[in-house]
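final_19.txt (compact mmCIF, C-alpha atoms) appears below.
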# COMPACT_ATOMS: atom_id res chain seq x y z
CA ALA A 1 0.00 0.00 0.00
CA SER A 2 1.30 3.41 -0.95
CA GLY A 3 -0.61 5.33 1.69
CA LYS A 4 -2.06 7.60 -0.97
CA ARG A 5 -5.74 8.47 -0.91
CA LEU A 6 -7.65 6.62 -3.62
CA LEU A 7 -10.94 8.52 -3.53
CA THR A 8 -13.40 10.36 -1.29
CA LEU A 9 -16.91 9.03 -0.74
CA THR A 10 -19.67 11.53 -0.03
CA GLY A 11 -23.26 10.93 0.95
CA HIS A 12 -23.67 11.61 4.66
CA VAL A 13 -24.63 15.12 5.77
CA ASN A 14 -23.11 14.92 9.26
CA ALA A 15 -20.18 13.30 11.07
CA VAL A 16 -19.41 9.64 10.32
CA ARG A 17 -19.14 7.72 13.60
CA GLY A 18 -18.72 4.10 12.52
CA LEU A 19 -17.45 1.94 9.66
CA ALA A 20 -17.61 -1.79 8.92
CA ILE A 21 -16.35 -3.71 5.88
CA SER A 22 -17.87 -7.08 5.01
CA ASP A 23 -15.61 -10.14 4.77
CA ARG A 24 -18.19 -11.92 2.59
CA HIS A 25 -19.50 -9.21 0.25
CA PRO A 26 -17.95 -6.23 -1.59
CA TYR A 27 -19.74 -3.88 0.80
CA MET A 28 -18.80 -1.20 3.31
CA PHE A 29 -21.23 0.23 5.85
CA SER A 30 -21.11 3.68 7.44
CA ALA A 31 -22.96 5.11 10.45
CA SER A 32 -23.49 8.81 10.93
CA GLU A 33 -24.77 11.59 13.14
CA ASP A 34 -27.31 12.19 10.36
CA LYS A 35 -29.32 9.25 11.86
CA SER A 36 -28.60 6.95 8.91
CA VAL A 37 -26.60 3.87 8.02
CA LYS A 38 -25.50 3.45 4.43
CA CYS A 39 -24.25 0.48 2.40
CA TRP A 40 -21.56 1.22 -0.19
CA ASP A 41 -20.74 -1.06 -3.11
CA LEU A 42 -16.92 -1.13 -3.16
CA GLU A 43 -16.85 -2.20 -6.79
CA THR A 44 -18.71 0.91 -7.97
CA ASN A 45 -18.02 3.15 -4.91
CA ARG A 46 -21.69 4.09 -4.74
CA ILE A 47 -24.38 3.93 -2.09
CA ILE A 48 -26.73 1.04 -2.83
CA ARG A 49 -28.82 0.85 0.37
CA HIS A 50 -30.00 3.10 3.18
CA TYR A 51 -31.05 1.94 6.65
CA HIS A 52 -33.41 4.41 8.31
CA GLY A 53 -34.95 4.06 11.75
CA HIS A 54 -32.65 5.58 14.34
CA LEU A 55 -34.13 8.68 15.97
CA SER A 56 -30.74 10.30 16.56
CA GLY A 57 -27.09 9.91 15.62
CA VAL A 58 -25.71 6.41 14.97
CA TYR A 59 -22.52 5.75 16.94
CA SER A 60 -21.64 2.06 16.53
CA LEU A 61 -21.81 -0.57 13.84
CA ALA A 62 -21.06 -4.30 13.53
CA LEU A 63 -21.64 -7.03 10.93
CA HIS A 64 -22.65 -10.54 11.90
CA PRO A 65 -19.83 -12.92 10.86
CA THR A 66 -22.04 -15.54 9.17
CA LEU A 67 -25.49 -14.00 8.61
CA ASP A 68 -26.46 -11.13 6.31
CA VAL A 69 -27.27 -9.05 9.36
CA LEU A 70 -26.10 -5.60 10.38
CA VAL A 71 -26.40 -4.16 13.90
CA SER A 72 -26.22 -0.44 14.65
CA GLY A 73 -26.29 1.43 17.95
CA GLY A 74 -27.18 5.05 18.51
CA ARG A 75 -27.90 8.01 20.69
CA ASP A 76 -31.56 6.95 20.78
CA SER A 77 -30.51 4.36 23.42
CA CYS A 78 -31.16 1.28 21.31
CA ALA A 79 -29.46 -1.08 18.90
CA ARG A 80 -31.21 -1.94 15.66
CA VAL A 81 -30.82 -5.20 13.75
CA TRP A 82 -31.12 -4.94 9.96
CA ASP A 83 -31.43 -7.37 7.09
CA MET A 84 -28.41 -6.33 5.09
CA ARG A 85 -30.00 -7.22 1.74
CA THR A 86 -33.47 -5.70 2.10
CA SER A 87 -32.67 -2.80 4.49
CA LYS A 88 -35.57 -3.95 6.66
CA GLU A 89 -35.39 -3.56 10.42
CA VAL A 90 -35.51 -7.04 12.02
CA HIS A 91 -35.37 -6.12 15.72
CA ILE A 92 -35.10 -3.08 17.96
CA LEU A 93 -32.91 -4.01 20.93
CA GLY A 94 -34.26 -1.63 23.56
CA GLY A 95 -33.53 -1.34 27.25
CA HIS A 96 -30.54 0.95 27.55
CA ILE A 97 -31.24 4.46 28.82
CA ASN A 98 -28.35 6.24 27.11
CA THR A 99 -26.28 6.07 23.91
CA VAL A 100 -25.28 2.62 22.65
CA SER A 101 -21.64 3.50 22.11
CA SER A 102 -20.15 0.12 21.24
CA LEU A 103 -21.28 -3.33 20.15
CA ILE A 104 -19.91 -6.67 19.02
CA THR A 105 -21.42 -9.60 17.14
CA GLN A 106 -20.49 -13.27 16.90
CA ASP A 107 -21.90 -16.49 15.44
CA ALA A 108 -22.26 -18.19 18.84
CA HIS A 109 -24.79 -17.43 21.56
CA PRO A 110 -25.13 -14.56 22.62
CA GLN A 111 -24.79 -13.15 19.14
CA VAL A 112 -24.94 -9.44 20.07
CA VAL A 113 -23.35 -7.56 22.98
CA THR A 114 -24.02 -3.84 23.50
CA GLY A 115 -22.24 -1.30 25.69
CA SER A 116 -23.89 1.96 26.67
CA ALA A 117 -23.18 5.34 28.19
CA ASP A 118 -25.67 4.29 30.89
CA SER A 119 -22.73 2.18 32.30
CA THR A 120 -24.37 -1.18 31.48
CA ILE A 121 -23.60 -4.00 29.06
CA LYS A 122 -26.35 -6.20 27.64
CA LEU A 123 -26.09 -9.65 26.07
CA TRP A 124 -28.80 -10.40 23.52
CA ASP A 125 -30.59 -13.36 22.01
CA LEU A 126 -30.51 -12.33 18.35
CA ALA A 127 -33.27 -14.68 17.18
CA ALA A 128 -35.72 -13.48 19.84
CA GLY A 129 -34.53 -9.87 19.91
CA LYS A 130 -34.45 -9.94 23.72
CA ALA A 131 -31.82 -9.26 26.38
CA ILE A 132 -30.43 -12.33 28.12
CA THR A 133 -28.66 -10.48 30.90
CA THR A 134 -27.51 -7.00 31.94
CA LEU A 135 -24.03 -6.46 33.41
CA THR A 136 -23.83 -3.60 35.91
CA ASN A 137 -20.26 -3.84 37.26
CA HIS A 138 -19.11 -0.63 35.57
CA LYS A 139 -19.99 2.59 37.35
CA LYS A 140 -19.36 4.89 34.39
CA GLY A 141 -20.30 4.87 30.71
CA ILE A 142 -19.03 2.12 28.41
CA ARG A 143 -16.85 3.48 25.61
CA ALA A 144 -15.48 0.31 23.96
CA LEU A 145 -16.03 -3.44 23.60
CA VAL A 146 -13.72 -5.97 21.97
CA LYS A 147 -14.01 -9.74 21.53
CA HIS A 148 -10.97 -11.92 22.20
CA PRO A 149 -9.91 -13.62 18.92
CA ARG A 150 -9.21 -17.02 20.53
CA GLU A 151 -11.06 -17.15 23.84
CA PHE A 152 -14.81 -17.08 24.41
CA THR A 153 -14.40 -13.77 26.27
CA PHE A 154 -14.70 -10.04 25.68
CA LEU A 155 -13.38 -6.87 27.28
CA SER A 156 -15.05 -3.58 28.06
CA GLY A 157 -13.51 -0.14 28.48
CA ALA A 158 -15.11 2.75 30.33
CA ALA A 159 -14.35 5.92 32.25
CA ASP A 160 -13.64 3.89 35.40
CA THR A 161 -11.71 0.76 34.35
CA MET A 162 -11.35 -2.12 31.87
CA LYS A 163 -13.03 -5.44 32.60
CA LYS A 164 -12.88 -8.95 31.16
CA TRP A 165 -16.00 -11.13 30.88
CA HIS A 166 -16.94 -14.64 29.82
CA LEU A 167 -19.19 -14.37 26.79
CA LYS A 168 -21.91 -16.97 27.21
CA GLU A 169 -23.36 -15.91 30.54
CA GLY A 170 -21.54 -12.60 31.07
CA LYS A 171 -19.56 -13.81 34.07
CA PHE A 172 -17.12 -11.18 35.35
CA LEU A 173 -13.52 -12.47 35.21
CA LYS A 174 -11.12 -9.65 36.15
CA ASN A 175 -10.28 -5.95 36.17
CA PHE A 176 -7.47 -4.41 34.12
CA ASN A 177 -5.96 -1.43 35.90
CA GLY A 178 -3.18 0.94 34.91
CA HIS A 179 -4.78 3.14 32.27
CA ASP A 180 -5.26 6.49 33.99
CA GLY A 181 -8.17 8.21 32.30
CA ILE A 182 -11.19 7.36 30.19
CA VAL A 183 -10.71 4.34 27.90
CA ASN A 184 -12.17 5.15 24.47
CA SER A 185 -10.92 2.21 22.38
CA LEU A 186 -9.68 -1.36 22.75
CA SER A 187 -7.94 -3.86 20.51
CA ILE A 188 -6.52 -7.33 21.17
CA ASN A 189 -4.51 -9.70 18.95
CA HIS A 190 -3.98 -13.47 18.72
CA ASN A 191 -0.88 -13.17 20.92
CA ASN A 192 -3.05 -11.98 23.79
CA VAL A 193 -1.75 -8.40 23.64
CA LEU A 194 -4.40 -5.88 24.71
CA VAL A 195 -4.08 -2.22 23.73
CA SER A 196 -6.27 0.54 25.19
CA GLY A 197 -6.55 4.10 23.92
CA GLY A 198 -7.38 6.83 26.37
CA ASP A 199 -8.93 10.28 26.54
CA ASN A 200 -5.57 11.69 27.65
CA GLY A 201 -3.80 10.66 24.44
CA SER A 202 -2.06 7.64 25.93
CA LEU A 203 -1.99 4.00 24.77
Is it possible to give me this structure as structure tokens?
Amino acid sequence: ASGKRLLTLTGHVNAVRGLAISDRHPYMFSASEDKSVKCWDLETNRIIRHYHGHLSGVYSLALHPTLDVLVSGGRDSCARVWDMRTSKEVHILGGHINTVSSLITQDAHPQVVTGSADSTIKLWDLAAGKAITTLTNHKKGIRALVKHPREFTFLSGAADTMKKWHLKEGKFLKNFNGHDGIVNSLSINHNNVLVSGGDNGSL
């Protein structure tokens, strides 16, 4: 890669907050403060679908790894499940009382996990569109979620700390301390190296 810009895509009318690229289709999805999610055909670089339903800005976005399903989370305190092909809304995952700031999907149960500025994490039954459990260990808003690439676990980052959880039932496993400040982003690799990005500019 040369690092040179190839092209600029325009279509949203407000800030873009989330991006996801499909591993199975030539599609990219974008989420915006303009309340919309858009599907871009990467072969023609054009918008081919719009997903409308959020009542406020859309902040998070994830693609299901095996189903043609897209999940978006927004400032309207809910996550919305979409049929990627038809743009139809399949479920509204309601129950949070503040922005759904981060979410992850997987092909095993639970298939959707949402983190919110209300300081809670919810695990969802995707088929039923209902919450399985709500995790309340954090005392401040959730900013980031990341699934471990090899373990059946995930991590959450917030303004208070980072925590590790078992995925199936949401069992709390441990705290990660040492990052002074609000944790805005998380990433983990196959070598078990966890990186957190903070509000104070530190990693």
For each of A:Gly74, A:Gly141, A:Gly11, A:Gly53, take the minimum atom-to-atom distance to Glu89 (chain A), counting only C-alpha atoms, then give the residue where this is smallest.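 Looking only at the distances to Glu89 (chain A), the closest residue turns out to be A:Gly53.
Distances from A:Ser187, A:Asn45, A:Ser36, A:Gln111 to Val16 (chain A) were compared using all atoms listed in the file, and the smallest one belongs to A:Ser36.
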So what do you get for CA of Gly129 (chain A) versus CA of Ser185 (chain A), distance-wise?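 Pair CA of Gly129 (chain A) / CA of Ser185 (chain A) returns 26.6 Å.
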Give me the residues within 10 Å of Ala144 (chain A) as a VMD selection string, counting all atoms listed in the file and dropping any in the same chain fewer than 3 places off. chain A and resid 60 101 to 104 114 to 116 141 155 to 158 162 183 to 187 196 to 197
For the residues selected in the previous step, produce a file with C-alpha atoms as an mmCIF file, in the frame of the given file.
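Saved file part03.cif follows:
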data_model
loop_
_atom_site.group_PDB
_atom_site.id
_atom_site.type_symbol
_atom_site.label_atom_id
_atom_site.label_comp_id
_atom_site.auth_asym_id
_atom_site.auth_seq_id
_atom_site.Cartn_x
_atom_site.Cartn_y
_atom_site.Cartn_z
ATOM 1 C CA SER A 60 -21.640 2.060 16.530
ATOM 2 C CA SER A 101 -21.640 3.500 22.110
ATOM 3 C CA SER A 102 -20.150 0.120 21.240
ATOM 4 C CA LEU A 103 -21.280 -3.330 20.150
ATOM 5 C CA ILE A 104 -19.910 -6.670 19.020
ATOM 6 C CA THR A 114 -24.020 -3.840 23.500
ATOM 7 C CA GLY A 115 -22.240 -1.300 25.690
ATOM 8 C CA SER A 116 -23.890 1.960 26.670
ATOM 9 C CA GLY A 141 -20.300 4.870 30.710
ATOM 10 C CA LEU A 155 -13.380 -6.870 27.280
ATOM 11 C CA SER A 156 -15.050 -3.580 28.060
ATOM 12 C CA GLY A 157 -13.510 -0.140 28.480
ATOM 13 C CA ALA A 158 -15.110 2.750 30.330
ATOM 14 C CA MET A 162 -11.350 -2.120 31.870
ATOM 15 C CA VAL A 183 -10.710 4.340 27.900
ATOM 16 C CA ASN A 184 -12.170 5.150 24.470
ATOM 17 C CA SER A 185 -10.920 2.210 22.380
ATOM 18 C CA LEU A 186 -9.680 -1.360 22.750
ATOM 19 C CA SER A 187 -7.940 -3.860 20.510
ATOM 20 C CA SER A 196 -6.270 0.540 25.190
ATOM 21 C CA GLY A 197 -6.550 4.100 23.920
#
Selection near Gly18 (chain A), 10 Å with all atoms listed in the file, sequence-local residues under 5 positions removed, as a list of chain:residue names: A:Phe29, A:Ser30, A:Ala31, A:Ser32, A:Glu33, A:Val37, A:Val58, A:Tyr59, A:Ser60, A:Leu61, A:Ala62, A:Ser72, A:Gly73, A:Ser102
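Between CA of Lys130 (chain A) and CA of Ala108 (chain A) the separation is 15.5 Å.
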Calculate how many Å separate CA of Thr153 (chain A) from CA of His25 (chain A), rounding to one decimal.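 Here the two named atoms are 26.9 Å from each other.
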Any idea what's packed within 10 Å of Glu169 (chain A), counting only C-alpha atoms, ignoring anything in its chain fewer than 2 positions away? Could you give it as a list in words?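 Selected residues are His109, Pro110, Leu123, Ile132, Thr133, Thr134, Leu135, Trp165, His166, Leu167, Lys171 and Phe172 of chain A.
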Hey, which of A:Asp199, A:Gly57, A:Gly170, A:Lys35 ends up closest to Thr136 (chain A)? Count only C-alpha atoms.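 Answer, going by the shortest atom-to-atom distance: A:Gly170.
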Non-local contacts of Asn192 (chain A) (9 Å; all atoms listed in the file; under 3 positions in same chain excluded) as a list in words: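 Once the nearby chain positions are removed, what remains is His148, Pro149, Arg150, Ile188 and Asn189 of chain A.
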So, counting all atoms listed in the file, which residue among A:Asp125, A:Asp41, A:Asp160, A:Asp76 is closest to Asp180 (chain A)?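 Residue with the minimum atom-to-atom distance to Asp180 (chain A): A:Asp160.
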Hey, which of A:Lys163, A:Thr105, A:Gly201, A:Leu126 ends up closest to Lys147 (chain A)? Count only C-alpha atoms.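 Counting only C-alpha atoms, the residue closest to Lys147 (chain A) is A:Thr105.
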Taking into account all atoms listed in the file, which residue in the set A:Gln106, A:Arg46, A:Phe154, A:Leu55 is nearest to Val71 (chain A)?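 Of the candidates, the smallest distance to Val71 (chain A) is held by A:Gln106.
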Taking (-18.8, -1.6, 1.8) in the file's own coordinates, collect the residues within 7 Å, counting all atoms listed in the file, and hand them back as a tab-separated table (two decimals) with C-alpha atoms, in the frame of the given file.
chain	number	residue	atom	x	y	z
A	21	ILE	CA	-16.35	-3.71	5.88
A	22	SER	CA	-17.87	-7.08	5.01
A	26	PRO	CA	-17.95	-6.23	-1.59
A	27	TYR	CA	-19.74	-3.88	0.80
A	28	MET	CA	-18.80	-1.20	3.31
A	29	PHE	CA	-21.23	0.23	5.85
A	39	CYS	CA	-24.25	0.48	2.40
A	40	TRP	CA	-21.56	1.22	-0.19
A	41	ASP	CA	-20.74	-1.06	-3.11
A	42	LEU	CA	-16.92	-1.13	-3.16
Where atoms are lacking, region 158-191 of chain A completed to N, CA and C atoms, as an mmCIF file, keeping the file's coordinate frame:
data_model
loop_
_atom_site.group_PDB
_atom_site.id
_atom_site.type_symbol
_atom_site.label_atom_id
_atom_site.label_comp_id
_atom_site.auth_asym_id
_atom_site.auth_seq_id
_atom_site.Cartn_x
_atom_site.Cartn_y
_atom_site.Cartn_z
ATOM 1 N N ALA A 158 -14.211 1.690 29.895
ATOM 2 C CA ALA A 158 -15.110 2.750 30.330
ATOM 3 C C ALA A 158 -14.302 3.865 30.980
ATOM 4 N N ALA A 159 -15.009 4.805 31.577
ATOM 5 C CA ALA A 159 -14.350 5.920 32.250
ATOM 6 C C ALA A 159 -13.768 5.503 33.598
ATOM 7 N N ASP A 160 -14.146 4.313 34.098
ATOM 8 C CA ASP A 160 -13.640 3.890 35.400
ATOM 9 C C ASP A 160 -12.534 2.843 35.309
ATOM 10 N N THR A 161 -12.690 1.835 34.427
ATOM 11 C CA THR A 161 -11.710 0.760 34.350
ATOM 12 C C THR A 161 -11.955 -0.072 33.097
ATOM 13 N N MET A 162 -11.121 -1.110 32.902
ATOM 14 C CA MET A 162 -11.350 -2.120 31.870
ATOM 15 C C MET A 162 -11.680 -3.434 32.568
ATOM 16 N N LYS A 163 -12.606 -4.188 31.995
ATOM 17 C CA LYS A 163 -13.030 -5.440 32.600
ATOM 18 C C LYS A 163 -13.077 -6.545 31.548
ATOM 19 N N LYS A 164 -12.816 -7.762 32.030
ATOM 20 C CA LYS A 164 -12.880 -8.950 31.160
ATOM 21 C C LYS A 164 -14.049 -9.813 31.612
ATOM 22 N N TRP A 165 -14.784 -10.360 30.616
ATOM 23 C CA TRP A 165 -16.000 -11.130 30.880
ATOM 24 C C TRP A 165 -16.004 -12.422 30.075
ATOM 25 N N HIS A 166 -16.666 -13.447 30.606
ATOM 26 C CA HIS A 166 -16.940 -14.640 29.820
ATOM 27 C C HIS A 166 -18.181 -14.362 28.975
ATOM 28 N N LEU A 167 -18.152 -14.792 27.724
ATOM 29 C CA LEU A 167 -19.190 -14.370 26.790
ATOM 30 C C LEU A 167 -20.558 -15.009 27.029
ATOM 31 N N LYS A 168 -20.602 -16.318 27.246
ATOM 32 C CA LYS A 168 -21.910 -16.970 27.210
ATOM 33 C C LYS A 168 -22.880 -16.428 28.246
ATOM 34 N N GLU A 169 -22.430 -16.353 29.508
ATOM 35 C CA GLU A 169 -23.360 -15.910 30.540
ATOM 36 C C GLU A 169 -22.992 -14.540 31.113
ATOM 37 N N GLY A 170 -21.928 -13.915 30.585
ATOM 38 C CA GLY A 170 -21.540 -12.600 31.070
ATOM 39 C C GLY A 170 -20.878 -12.618 32.426
ATOM 40 N N LYS A 171 -20.235 -13.711 32.769
ATOM 41 C CA LYS A 171 -19.560 -13.810 34.070
ATOM 42 C C LYS A 171 -18.347 -12.881 34.104
ATOM 43 N N PHE A 172 -18.259 -12.073 35.177
ATOM 44 C CA PHE A 172 -17.120 -11.180 35.350
ATOM 45 C C PHE A 172 -15.873 -11.998 35.688
ATOM 46 N N LEU A 173 -14.753 -11.718 35.003
ATOM 47 C CA LEU A 173 -13.520 -12.470 35.210
ATOM 48 C C LEU A 173 -12.450 -11.670 35.943
ATOM 49 N N LYS A 174 -12.170 -10.426 35.481
ATOM 50 C CA LYS A 174 -11.120 -9.650 36.150
ATOM 51 C C LYS A 174 -11.145 -8.197 35.701
ATOM 52 N N ASN A 175 -10.509 -7.346 36.524
ATOM 53 C CA ASN A 175 -10.280 -5.950 36.170
ATOM 54 C C ASN A 175 -8.892 -5.790 35.556
ATOM 55 N N PHE A 176 -8.762 -4.822 34.647
ATOM 56 C CA PHE A 176 -7.470 -4.410 34.120
ATOM 57 C C PHE A 176 -7.245 -2.968 34.559
ATOM 58 N N ASN A 177 -6.260 -2.761 35.408
ATOM 59 C CA ASN A 177 -5.960 -1.430 35.900
ATOM 60 C C ASN A 177 -4.661 -0.915 35.284
ATOM 61 N N GLY A 178 -4.437 0.374 35.397
ATOM 62 C CA GLY A 178 -3.180 0.940 34.910
ATOM 63 C C GLY A 178 -3.353 2.015 33.870
ATOM 64 N N HIS A 179 -4.546 2.069 33.238
ATOM 65 C CA HIS A 179 -4.780 3.140 32.270
ATOM 66 C C HIS A 179 -5.473 4.288 33.000
ATOM 67 N N ASP A 180 -4.708 5.344 33.271
ATOM 68 C CA ASP A 180 -5.260 6.490 33.990
ATOM 69 C C ASP A 180 -6.040 7.366 33.009
ATOM 70 N N GLY A 181 -7.331 7.410 33.185
ATOM 71 C CA GLY A 181 -8.170 8.210 32.300
ATOM 72 C C GLY A 181 -9.251 7.374 31.668
ATOM 73 N N ILE A 182 -10.067 8.019 30.863
ATOM 74 C CA ILE A 182 -11.190 7.360 30.190
ATOM 75 C C ILE A 182 -10.667 6.500 29.038
ATOM 76 N N VAL A 183 -11.101 5.238 28.983
ATOM 77 C CA VAL A 183 -10.710 4.340 27.900
ATOM 78 C C VAL A 183 -11.738 4.460 26.772
ATOM 79 N N ASN A 184 -11.282 4.931 25.608
ATOM 80 C CA ASN A 184 -12.170 5.150 24.470
ATOM 81 C C ASN A 184 -12.144 4.028 23.448
ATOM 82 N N SER A 185 -11.047 3.248 23.410
ATOM 83 C CA SER A 185 -10.920 2.210 22.380
ATOM 84 C C SER A 185 -10.087 1.050 22.904
ATOM 85 N N LEU A 186 -10.376 -0.138 22.360
ATOM 86 C CA LEU A 186 -9.680 -1.360 22.750
ATOM 87 C C LEU A 186 -9.388 -2.196 21.524
ATOM 88 N N SER A 187 -8.260 -2.906 21.562
ATOM 89 C CA SER A 187 -7.940 -3.860 20.510
ATOM 90 C C SER A 187 -7.110 -4.974 21.134
ATOM 91 N N ILE A 188 -7.284 -6.200 20.646
ATOM 92 C CA ILE A 188 -6.520 -7.330 21.170
ATOM 93 C C ILE A 188 -6.157 -8.249 20.014
ATOM 94 N N ASN A 189 -4.939 -8.835 20.049
ATOM 95 C CA ASN A 189 -4.510 -9.700 18.950
ATOM 96 C C ASN A 189 -4.434 -11.157 19.385
ATOM 97 N N HIS A 190 -4.028 -12.032 18.454
ATOM 98 C CA HIS A 190 -3.980 -13.470 18.720
ATOM 99 C C HIS A 190 -2.875 -13.839 19.707
ATOM 100 N N ASN A 191 -1.944 -12.930 19.944
ATOM 101 C CA ASN A 191 -0.880 -13.170 20.920
ATOM 102 C C ASN A 191 -1.253 -12.703 22.316
#
